[in-house]
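> mmCIF, C-alpha atoms, file work.cif:
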data_query
loop_
_atom_site.label_atom_id
_atom_site.label_comp_id
_atom_site.auth_asym_id
_atom_site.auth_seq_id
_atom_site.Cartn_x
_atom_site.Cartn_y
_atom_site.Cartn_z
CA MET A 16 50.40 -10.67 19.57
CA THR A 17 48.74 -12.88 22.21
CA LYS A 18 49.35 -10.20 24.85
CA ALA A 19 47.78 -7.55 22.60
CA ILE A 20 44.70 -9.72 21.99
CA LEU A 21 44.35 -10.39 25.72
CA PHE A 22 44.52 -6.66 26.46
CA ALA A 23 41.93 -5.95 23.75
CA ALA A 24 39.60 -8.61 25.15
CA VAL A 25 39.92 -7.23 28.69
CA ALA A 26 39.26 -3.71 27.35
CA GLY A 27 36.12 -4.99 25.65
CA LEU A 28 34.97 -6.65 28.88
CA CYS A 29 35.60 -3.45 30.84
CA TRP A 30 33.63 -1.39 28.32
CA GLY A 31 30.85 -3.95 28.08
CA VAL A 32 30.34 -4.15 31.83
CA GLY A 33 31.04 -0.45 32.44
CA GLU A 34 28.49 0.78 29.93
CA ILE A 35 25.77 -1.28 31.61
CA GLY A 36 26.32 1.00 34.61
CA THR A 37 26.11 4.05 32.36
CA LYS A 38 22.86 2.81 30.80
CA ALA A 39 21.40 2.09 34.26
CA ALA A 40 22.33 5.61 35.39
CA LEU A 41 20.75 7.13 32.27
CA ASN A 42 17.63 4.98 32.73
CA SER A 43 17.20 6.51 36.21
CA ARG A 44 16.52 9.85 34.47
CA GLN A 45 18.45 11.46 37.34
CA VAL A 46 21.37 12.24 35.02
CA GLY A 47 21.75 12.92 31.33
CA PRO A 48 24.40 11.94 28.79
CA MET A 49 26.54 15.03 29.41
CA THR A 50 26.60 14.36 33.17
CA ALA A 51 27.63 10.76 32.53
CA MET A 52 30.35 11.90 30.13
CA PHE A 53 31.60 14.56 32.56
CA VAL A 54 31.79 12.10 35.46
CA ARG A 55 33.56 9.56 33.21
CA ALA A 56 36.18 12.15 32.20
CA LEU A 57 36.63 13.42 35.74
CA VAL A 58 37.03 9.96 37.26
CA THR A 59 39.69 8.95 34.72
CA VAL A 60 42.06 11.85 35.39
CA LEU A 61 43.68 10.55 38.61
CA PRO A 62 44.12 6.90 37.50
CA ALA A 63 45.48 8.11 34.15
CA LEU A 64 47.96 10.41 35.90
CA VAL A 65 49.12 7.62 38.23
CA ALA A 66 49.48 5.17 35.32
CA TYR A 67 51.42 7.79 33.34
CA MET A 68 53.79 8.44 36.23
CA ILE A 69 54.42 4.71 36.69
CA ALA A 70 54.92 4.18 32.94
CA THR A 71 57.41 7.05 32.62
CA ARG A 72 59.28 6.78 35.92
CA VAL A 73 59.09 3.15 37.03
CA TRP A 74 58.64 1.01 33.92
CA LYS A 75 60.23 3.59 31.61
CA SER A 76 57.91 2.34 28.88
CA GLU A 77 56.93 5.87 27.82
CA PRO A 78 59.29 8.55 26.53
CA ALA A 79 59.61 11.01 29.41
CA ASP A 80 60.42 13.93 27.10
CA TRP A 81 57.59 13.30 24.62
CA MET A 82 56.26 16.84 24.95
CA LYS A 83 59.52 18.19 23.51
CA LEU A 84 59.94 15.46 20.91
CA ALA A 85 56.39 15.27 19.53
CA THR A 86 55.98 16.90 16.13
CA PRO A 87 52.97 19.10 15.30
CA GLY A 88 51.53 16.13 13.40
CA THR A 89 51.79 13.89 16.46
CA TRP A 90 50.16 16.60 18.58
CA ALA A 91 47.34 16.88 16.04
CA TYR A 92 46.78 13.10 16.11
CA LEU A 93 46.69 13.13 19.91
CA ILE A 94 44.44 16.16 20.25
CA VAL A 95 42.04 15.56 17.36
CA GLY A 96 42.12 11.77 17.11
CA SER A 97 42.51 10.58 20.66
CA GLY A 98 41.13 13.58 22.54
CA LEU A 99 38.34 15.13 20.48
CA LEU A 100 37.14 12.24 18.29
CA ALA A 101 37.68 9.15 20.48
CA GLY A 102 37.63 10.78 23.91
CA PHE A 103 34.87 13.34 23.50
CA ALA A 104 32.81 12.96 20.32
CA GLY A 105 32.61 9.16 20.41
CA VAL A 106 31.45 9.16 24.03
CA PHE A 107 29.13 12.13 23.39
CA PHE A 108 27.31 10.44 20.51
CA PHE A 109 27.27 7.01 22.17
CA TYR A 110 25.84 8.32 25.45
CA SER A 111 23.34 10.51 23.60
CA GLY A 112 22.11 7.44 21.70
CA LEU A 113 22.21 5.29 24.81
CA ARG A 114 19.77 7.60 26.55
CA HIS A 115 17.12 6.76 23.95
CA GLY A 116 17.91 3.22 22.82
CA ASP A 117 18.70 -0.28 23.95
CA ILE A 118 22.30 -0.96 24.91
CA SER A 119 21.92 -4.44 23.39
CA VAL A 120 21.45 -2.79 20.00
CA LEU A 121 23.51 0.41 20.25
CA ARG A 122 26.64 -1.01 21.86
CA PRO A 123 27.29 -3.64 19.17
CA ILE A 124 26.58 -1.07 16.44
CA ALA A 125 28.94 1.55 17.91
CA PHE A 126 31.61 -0.97 18.71
CA GLY A 127 31.14 -2.77 15.39
CA VAL A 128 31.59 0.40 13.35
CA ALA A 129 34.81 1.10 15.28
CA PRO A 130 36.72 -2.05 14.26
CA ALA A 131 35.42 -1.94 10.69
CA THR A 132 36.61 1.67 10.47
CA ALA A 133 39.95 0.73 12.06
CA VAL A 134 40.54 -2.07 9.54
CA LEU A 135 39.71 0.16 6.57
CA LEU A 136 41.63 3.21 7.78
CA GLY A 137 44.54 1.05 8.95
CA TRP A 138 44.78 -0.28 5.40
CA TRP A 139 44.19 3.04 3.61
CA TRP A 140 45.93 5.54 5.93
CA LEU A 141 48.54 3.50 7.82
CA GLY A 142 49.47 1.07 5.06
CA GLU A 143 48.54 -2.07 6.99
CA ALA A 144 47.95 -5.23 5.00
CA MET A 145 44.40 -5.92 3.82
CA THR A 146 43.90 -9.66 3.97
CA VAL A 147 40.96 -11.77 2.87
CA LYS A 148 40.23 -12.48 6.56
CA LYS A 149 40.14 -8.78 7.41
CA ALA A 150 37.92 -7.97 4.42
CA LEU A 151 35.54 -10.83 5.30
CA ALA A 152 35.46 -9.65 8.92
CA VAL A 153 34.47 -6.13 7.81
CA VAL A 154 31.69 -7.56 5.62
CA LEU A 155 30.41 -9.68 8.54
CA ILE A 156 30.58 -6.71 10.92
CA ILE A 157 28.58 -4.56 8.50
CA ALA A 158 26.04 -7.37 8.05
CA GLY A 159 25.66 -7.59 11.83
CA ILE A 160 25.20 -3.83 12.11
CA VAL A 161 22.49 -3.90 9.43
CA LEU A 162 20.70 -6.70 11.31
CA LEU A 163 20.91 -4.88 14.64
CA ALA A 164 19.89 -1.52 13.19
CA GLY A 165 16.59 -3.13 12.17
CA GLU A 166 15.94 -4.11 15.81
CA GLY A 167 14.89 -0.62 16.87
CA HIS A 168 13.94 0.09 20.46
CA ALA A 169 12.41 -3.06 21.95
CA SER A 170 12.81 -2.50 25.68
CA ARG A 171 9.62 -1.64 27.48
CA ARG A 172 10.62 -2.85 30.94
CA PRO A 173 9.82 -0.44 33.81
CA ASP A 174 12.89 1.08 35.44
CA SER A 175 13.36 1.75 39.15
CA ALA A 176 11.28 4.95 38.89
CA GLY A 177 8.34 3.02 37.43
CA THR A 178 8.63 4.53 33.96
CA THR A 179 9.23 2.46 30.86
CA THR A 180 12.62 2.55 29.17
#
Write the structure described by the file as structure tokens, please.


Amino acid sequence: MTKAILFAAVAGLCWGVGEIGTKAALNSRQVGPMTAMFVRALVTVLPALVAYMIATRVWKSEPADWMKLATPGTWAYLIVGSGLLAGFAGVFFFYSGLRHGDISVLRPIAFGVAPATAVLLGWWWLGEAMTVKKALAVVLIIAGIVLLAGEGHASRRPDSAGTTT
């Protein structure tokens, strides 16, 4: 479990730092949310392909014949869950909000709703244990989201183009 937590923490750091770049690009007003999302998707294709090839051929940590073995349900989870909801819609709505709001408010809200949702759906849909700690964590996450949602848009600092953000 320690390895999983380390990977999750590094993922959070990557997203936290990476989205600052996205917000800076959007603040420039030279690109919009769809451009940012398109570039993000385009840039990830080659590293994802290389990682996939290494995982299937070198490490053999991925089933090489998954396309043949995957059931229609697994395909639906991959396409709808991972592809459309997490890969497209989540990024679409986050970047659309990011264009108009402060990352210091929107990022914690978006990435607070995600773990609260994961805990609740993991319990309800996947049959994972609901512990007092998990329930308390969800309550605290929701409380934090409510506090942040009341922050609104506070940034009025001029960007590099001289306009206020």

> Which residues are close to A:Arg114, i.e. within 12 Å by all atoms listed in the file, leaving aside same-chain residues fewer than 5 positions away? Reply as an NGL selection string.

:A and (34-35 or 37-52 or 107-109 or 121-122 or 168 or 180)

> As an exercise, work out the distance from atom CA of A:Ser76 to atom CA of A:Ala19 in Å and give it to one decimal place.

15.5 Å

> If we count only C-alpha atoms, what is near A:Ala152 at a cut-off of 12 Å, once residues fewer than 2 positions away on the same chain are taken out, given as a list in words?

Gly127, Val128, Pro130, Ala131, Thr132, Ala133, Val134, Leu135, Met145, Thr146, Val147, Lys148, Lys149, Ala150, Val154, Leu155, Ile156, Ile157, Ala158 and Gly159 of chain A

> What is the atom CA of A:Tyr92 to atom CA of A:Leu151 distance in Å?

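Going from atom CA of A:Tyr92 over to atom CA of A:Leu151, I get 28.6 Å.
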
> Take atom CA of A:Glu143 and atom CA of A:Ser97 and report the distance between them in Å, one decimal.

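Between atom CA of A:Glu143 and atom CA of A:Ser97 the gap is 19.6 Å.
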
> Using only C-alpha atoms, can you tell me which of A:Ile160, A:Val106, A:Val153, A:Trp90 comes closest to A:Trp30?

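Smallest separation from A:Trp30 among the options: A:Val106.
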
> Using only C-alpha atoms, which residue out of A:Ala56, A:Trp138, A:Phe22, A:Val161 lies closest to A:Gly98?

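Using only C-alpha atoms, the shortest distance to A:Gly98 belongs to A:Ala56.
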
> So which one's closest to A:Gly105, A:Ala129, A:Trp74, A:Ile69, A:Gly165? Using only C-alpha atoms, please.

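Of A:Ala129, A:Trp74, A:Ile69, A:Gly165, the one nearest A:Gly105 is A:Ala129, counting only C-alpha atoms.
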
> Under the rule that all atoms listed in the file are counted, which of A:Val32, A:Ala101, A:Ala66, A:Leu61 is the nearest residue to A:Ser119?

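Closest candidate: A:Val32.
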